[in-house]
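Student: Encoded as structure tokens, here's the structure I'll be asking about.
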Number of protein chains: 2
Amino acid sequence: MINTHHNRKSVIGITIGDPAGIGPEIVMKALLAHDLQKEANLIVFGDRIVLEQTMELIGKKGTIQEIESLEEARFEESVIHLVASQIISEPVEFGKVRALYGKAVYAYVTTAIDWALRGEIDGMATAPLQKEALQKGGCPYMDHTAILKAHTQSEVSTTLFWVDNLRIFFLTRHVPLRDVADLITAEKVHDGIVDCIRHLKQLGIKQPKLAVAALNPHGGEEGMMGDEEIQEIRPAIEKARNENLWVEGPVPADSVFHLANEGHFDGVLSLYHDQGHIAAKTLDFHRTVSFTMGLPFLRTSVDHGTAFNIAGKNLAKEISMVEAIRMAIQYSKIIRSASRHSGNPIK
Amino acid sequence: MINTHHNRKSVIGITIGDPAGIGPEIVMKALLAHDLQKEANLIVFGDRIVLEQTMELIGKKGTIQEIESLEEARFEESVIHLVASQIISEPVEFGKVRALYGKAVYAYVTTAIDWALRGEIDGMATAPLQKEALQKGGCPYMDHTAILKAHTQSEVSTTLFWVDNLRIFFLTRHVPLRDVADLITAEKVHDGIVDCIRHLKQLGIKQPKLAVAALNPHGGEEGMMGDEEIQEIRPAIEKARNENLWVEGPVPADSVFHLANEGHFDGVLSLYHDQGHIAAKTLDFHRTVSFTMGLPFLRTSVDHGTAFNIAGKNLAKEISMVEAIRMAIQYSKIIRSASRHSGNPIK
């Protein structure tokens, strides 16, 4: 099945996210106002009434073709191909947390995962979901990443932010800032380096050059302002170098992203959430795309939430969603191929 | 003395920094390759032989006029006006830490301060010094800021980073990351807010809008990832609002700089060194200018070091120095005027 499709255009799944958020709006704006279907075959996972309501909201028209399998898709550029969950059958109340909407978004995402695992889509781009609605709708997982890991039986996943020339990984993420320093151990940094370089290779970079950001101001200035660089980070880098990995650092955090964006490094391992987030989103807020790596296929996503405060008002900007879809188009095949070679459990 | 100069061009002092670093090179490139002397009268604090050696290095010619007082300056645009320390009389050995060079840079800076306190220069832009040489040269202070505070009898000073539309203040700076959270107290945040707003007013912004960055990822998500937002930052903001100050926050750190740069805030109070540094320097590494506020006059500086590894090689880029001088030209008079009104000890 997959093999016959090797030289075809990529097929990318797009989940519309929580129906009450800005997800459907940015997805439909992306599809109807940009030429994305020239570059790839796109399949939307959502519900017909939500798409119709959204087209009315944004004042654009499109033809929806509901499909149940890839074979049914006509893949005409003017047609929106929809895999419908049939969960939503009444107009959406924008900005409301509803169990029904959580149930729907869980169905969109898991259906897309099934398609990806069967090889019918090469990768997926996801619009934002609302965690509270997700829980109320009976989903046992707290967010996209948890759903993806569970449904693909992946033990770990790695988030990568991509904007301009910057590819940013994260050693720690959703922890209080006061706990970060204790989590930076030589072992963890070393494993992070190995992981980053593996993922950069999966993205097609043959000999990736990685920089590790420092934790403390000015990289600690030889222990004057923190000793994690000396005690943990440098030994980890040394070890990785002895394994013939190209790693530089610890590089002071206020230089490392600039240097990477100038092309000195292929990727940066940031040590805590805001370190990498501030860099990416200050550089270009709307074009920062999040990659979930380590699954059997690529998932990209916008890095913003459901924005309930502006949902249903035709105020949302689709730039991030367009970028997320473009990145999925560009990298899904290469990730799938790399993932297959590394023995990931794709059927 | 000052009054007769009220409508004249600004007079800005420029210190060349440690002679063995890239300071003289970026200062001379700034003066000889840019039209800065059209905008202001510039006075260099350095030594003749260093400037001559540097002109040879960069392959540019200029006429040096040594002066001992403002009256002697001809202020022709093609002339470089030099207040010489007479400490360096032999060619500089670039990239070397020398007591002599430390002694010289200390003299450049303190002489410029004397000129500023006498009202002969309106403000100053400083090229980088080398801390070890400074100490060896007998200076009892560890850096520019410490020298400036001591010699102007200022109890505190505040650093502000300016790049594009972004004005960034720092609540804490040269401390290990693991110590930051404990330093974020409601009292300190409140005092920081008051300080920032005062300085934004000094810069000519009548009703400054300030944002306070959050400490934890996503602003802590209601205490899920750290409670400093709830326990310390919000109460400080509430208190400031009750004092009729316009303050927003805590705003998640990965959004606040983007929002400020888009014009939503006039300034951002960042809570730790790298938080603000990453934002400014990832956005535009070379155009980030550091302002030292709270002195009787404005001091701007480049935000990089002496770069001994490339000193004397004609490799240094002067963009940062040009920006620092431009900012000093633009804001020195307004800061001096504001400082006089607030009763700072300017003579």
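Each chain of the structure tokens is named A, B, ... in the order shown, its residues numbered from 1; ligands are numbered from 1 in display order.
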Could you build a table of the residues in chain A lying no more than 9 Å from chain B, giving for each the nearest pair of atoms and their separation in Å rounded to one decimal place, using only C-alpha atoms, ordered by chain and ascending residue number, as a Markdown table?
Tutor:
```
| residue | atom | partner | partner_atom | distance |
| --- | --- | --- | --- | --- |
| A:Arg173 | CA | B:Pro217 | CA | 7.7 |
| A:His174 | CA | B:Pro217 | CA | 6.3 |
| A:Val175 | CA | B:Met225 | CA | 5.4 |
| A:Pro176 | CA | B:Gly226 | CA | 4.5 |
| A:Leu177 | CA | B:Asn216 | CA | 5.4 |
| A:Arg178 | CA | B:Ala181 | CA | 5.5 |
| A:Asp179 | CA | B:Arg178 | CA | 7.6 |
| A:Val180 | CA | B:Arg178 | CA | 7.4 |
| A:Ala181 | CA | B:Arg178 | CA | 5.5 |
| A:Asp182 | CA | B:Arg178 | CA | 8.1 |
| A:Leu215 | CA | B:Leu177 | CA | 6.8 |
| A:Asn216 | CA | B:Leu177 | CA | 5.4 |
| A:Pro217 | CA | B:Asp274 | CA | 6.1 |
| A:His218 | CA | B:His174 | CA | 8.5 |
| A:Gly220 | CA | B:Pro176 | CA | 7.1 |
| A:Met224 | CA | B:Pro176 | CA | 8.3 |
| A:Met225 | CA | B:Pro176 | CA | 4.6 |
| A:Gly226 | CA | B:Pro176 | CA | 4.5 |
| A:Asp227 | CA | B:Pro176 | CA | 8.2 |
| A:Pro252 | CA | B:Asp274 | CA | 8.8 |
| A:Ala253 | CA | B:Ile278 | CA | 6.4 |
| A:Asp254 | CA | B:Ile278 | CA | 4.3 |
| A:Ser255 | CA | B:Lys281 | CA | 6.9 |
| A:Val256 | CA | B:Thr282 | CA | 8.5 |
| A:Phe257 | CA | B:Thr282 | CA | 6.0 |
| A:His258 | CA | B:Thr282 | CA | 5.0 |
| A:Leu259 | CA | B:Thr282 | CA | 8.8 |
| A:Asn261 | CA | B:Thr282 | CA | 8.5 |
| A:Tyr272 | CA | B:Pro217 | CA | 8.8 |
| A:His273 | CA | B:Pro217 | CA | 6.2 |
| A:Asp274 | CA | B:Pro217 | CA | 6.1 |
| A:Gln275 | CA | B:Gln275 | CA | 7.1 |
| A:Gly276 | CA | B:Asp254 | CA | 8.7 |
| A:His277 | CA | B:Asp254 | CA | 5.4 |
| A:Ile278 | CA | B:Asp254 | CA | 4.3 |
| A:Ala279 | CA | B:Thr282 | CA | 5.9 |
| A:Ala280 | CA | B:Asp254 | CA | 8.2 |
| A:Lys281 | CA | B:Asp254 | CA | 6.0 |
| A:Thr282 | CA | B:His258 | CA | 5.0 |
| A:Leu283 | CA | B:Leu283 | CA | 5.1 |
| A:Asp284 | CA | B:His258 | CA | 8.0 |
| A:Phe285 | CA | B:His258 | CA | 6.7 |
```
Student: Among range 229-332 of chain B, which ones does DSSP place in alpha helix (DSSP H), written as a PDB file with C-alpha atoms, in the first residue's frame?
Tutor:
```
ATOM      1  CA  ARG B 234       0.541  39.624  41.099  1.00  0.00           C
ATOM      2  CA  PRO B 235       0.378  41.303  44.528  1.00  0.00           C
ATOM      3  CA  ALA B 236       3.198  43.619  43.455  1.00  0.00           C
ATOM      4  CA  ILE B 237       1.343  44.525  40.262  1.00  0.00           C
ATOM      5  CA  GLU B 238      -1.898  45.076  42.180  1.00  0.00           C
ATOM      6  CA  LYS B 239      -0.132  47.417  44.563  1.00  0.00           C
ATOM      7  CA  ALA B 240       1.395  49.380  41.696  1.00  0.00           C
ATOM      8  CA  ARG B 241      -1.991  49.646  39.998  1.00  0.00           C
ATOM      9  CA  ASN B 242      -3.474  51.012  43.201  1.00  0.00           C
ATOM     10  CA  ALA B 253       7.820  35.359  28.962  1.00  0.00           C
ATOM     11  CA  ASP B 254       7.539  33.871  25.496  1.00  0.00           C
ATOM     12  CA  SER B 255       4.846  36.405  24.554  1.00  0.00           C
ATOM     13  CA  VAL B 256       5.751  39.539  26.455  1.00  0.00           C
ATOM     14  CA  PHE B 257       8.705  40.650  24.342  1.00  0.00           C
ATOM     15  CA  HIS B 258       6.862  40.032  21.096  1.00  0.00           C
ATOM     16  CA  LEU B 259       3.903  42.027  22.389  1.00  0.00           C
ATOM     17  CA  ALA B 260       6.128  44.876  23.546  1.00  0.00           C
ATOM     18  CA  ASN B 261       7.957  44.970  20.247  1.00  0.00           C
ATOM     19  CA  HIS B 273      19.416  38.094  33.158  1.00  0.00           C
ATOM     20  CA  ASP B 274      18.876  35.649  30.341  1.00  0.00           C
ATOM     21  CA  GLN B 275      15.134  36.246  30.126  1.00  0.00           C
ATOM     22  CA  GLY B 276      15.685  39.764  28.826  1.00  0.00           C
ATOM     23  CA  HIS B 277      19.043  39.116  27.194  1.00  0.00           C
ATOM     24  CA  ILE B 278      17.778  36.227  25.061  1.00  0.00           C
ATOM     25  CA  ALA B 279      14.884  38.348  23.828  1.00  0.00           C
ATOM     26  CA  ALA B 280      16.971  41.381  22.884  1.00  0.00           C
ATOM     27  CA  LYS B 281      19.934  39.615  21.414  1.00  0.00           C
ATOM     28  CA  THR B 282      18.023  36.973  19.486  1.00  0.00           C
ATOM     29  CA  LEU B 283      15.878  39.727  17.997  1.00  0.00           C
ATOM     30  CA  ILE B 319      27.401  48.299  14.317  1.00  0.00           C
ATOM     31  CA  SER B 320      26.829  48.018  18.074  1.00  0.00           C
ATOM     32  CA  MET B 321      29.109  50.968  18.791  1.00  0.00           C
ATOM     33  CA  VAL B 322      27.403  53.096  16.162  1.00  0.00           C
ATOM     34  CA  GLU B 323      24.034  52.262  17.703  1.00  0.00           C
ATOM     35  CA  ALA B 324      25.297  53.020  21.212  1.00  0.00           C
ATOM     36  CA  ILE B 325      26.586  56.417  20.065  1.00  0.00           C
ATOM     37  CA  ARG B 326      23.363  57.176  18.168  1.00  0.00           C
ATOM     38  CA  MET B 327      21.279  56.315  21.236  1.00  0.00           C
ATOM     39  CA  ALA B 328      23.495  58.515  23.412  1.00  0.00           C
ATOM     40  CA  ILE B 329      23.048  61.369  20.937  1.00  0.00           C
ATOM     41  CA  GLN B 330      19.306  60.894  20.856  1.00  0.00           C
ATOM     42  CA  TYR B 331      18.634  60.568  24.577  1.00  0.00           C
ATOM     43  CA  SER B 332      21.424  62.274  26.512  1.00  0.00           C
TER      44      SER B 332
END
```
Student: Name the residues in contact with Ile113 in chain A at a cut-off of 9 Å, using only C-alpha atoms, excluding same-chain residues fewer than 5 positions from it; report them as a list in words.
Tutor: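 Selected residues are Gly13, Tyr108, Arg118, Ile121, Gly123, Met124, Leu148, His151 and Thr152 of chain A.
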Student: With only C-alpha atoms as the counted atoms, please give the residues lying no more than 12 Å from Leu51 in chain B, apart from itself and same-chain residues fewer than 3 positions off, as a ChimeraX atom specification.
Tutor: /B:15-17,19-20,22-29,31-32,44-48,54-66,80-84,88-92
Student: Going by DSSP on the backbone, which residues of range 213-254 of chain B come out as strand (DSSP E)? List them as a short mmCIF file (atom, residue, chain, number, x, y, z; two decimals) with all heavy atoms, in the first residue's frame.
Tutor:
```cif
data_model
loop_
_atom_site.label_atom_id
_atom_site.label_comp_id
_atom_site.auth_asym_id
_atom_site.auth_seq_id
_atom_site.Cartn_x
_atom_site.Cartn_y
_atom_site.Cartn_z
N ALA B 213 7.24 40.50 33.09
CA ALA B 213 7.33 39.12 32.58
C ALA B 213 7.02 38.14 33.70
O ALA B 213 7.24 38.43 34.88
CB ALA B 213 8.73 38.86 32.04
N VAL B 247 0.35 48.98 34.69
CA VAL B 247 1.18 47.78 34.67
C VAL B 247 0.34 46.59 34.26
O VAL B 247 -0.79 46.43 34.72
CB VAL B 247 1.76 47.44 36.07
CG1 VAL B 247 2.93 46.48 35.93
CG2 VAL B 247 2.18 48.68 36.80
N GLU B 248 0.90 45.75 33.44
CA GLU B 248 0.22 44.54 32.99
C GLU B 248 1.09 43.34 33.37
O GLU B 248 2.31 43.44 33.38
CB GLU B 248 0.07 44.61 31.46
CG GLU B 248 -0.65 43.46 30.81
CD GLU B 248 -2.12 43.40 31.16
OE1 GLU B 248 -2.77 44.46 31.16
OE2 GLU B 248 -2.60 42.30 31.47
N GLY B 249 0.44 42.22 33.69
CA GLY B 249 1.24 41.03 33.92
C GLY B 249 0.77 40.23 35.12
O GLY B 249 -0.27 40.55 35.68
N PRO B 250 1.49 39.20 35.50
CA PRO B 250 2.66 38.69 34.79
C PRO B 250 2.27 38.11 33.42
O PRO B 250 1.35 37.32 33.33
CB PRO B 250 3.20 37.59 35.71
CG PRO B 250 2.04 37.20 36.58
CD PRO B 250 1.16 38.41 36.69
N VAL B 251 2.99 38.53 32.38
CA VAL B 251 2.74 38.07 31.02
C VAL B 251 3.75 36.95 30.71
O VAL B 251 4.95 37.14 30.94
CB VAL B 251 2.94 39.21 30.00
CG1 VAL B 251 2.63 38.72 28.59
CG2 VAL B 251 2.09 40.42 30.34
#
```
Student: For Lys96 in chain A, find every residue with an atom within 12 Å (counting only C-alpha atoms), except residues of its own chain fewer than 5 positions away, and show them as a PyMOL selection string.
Tutor: chain A and resi 18-22+101-102+130+132-133+306-312
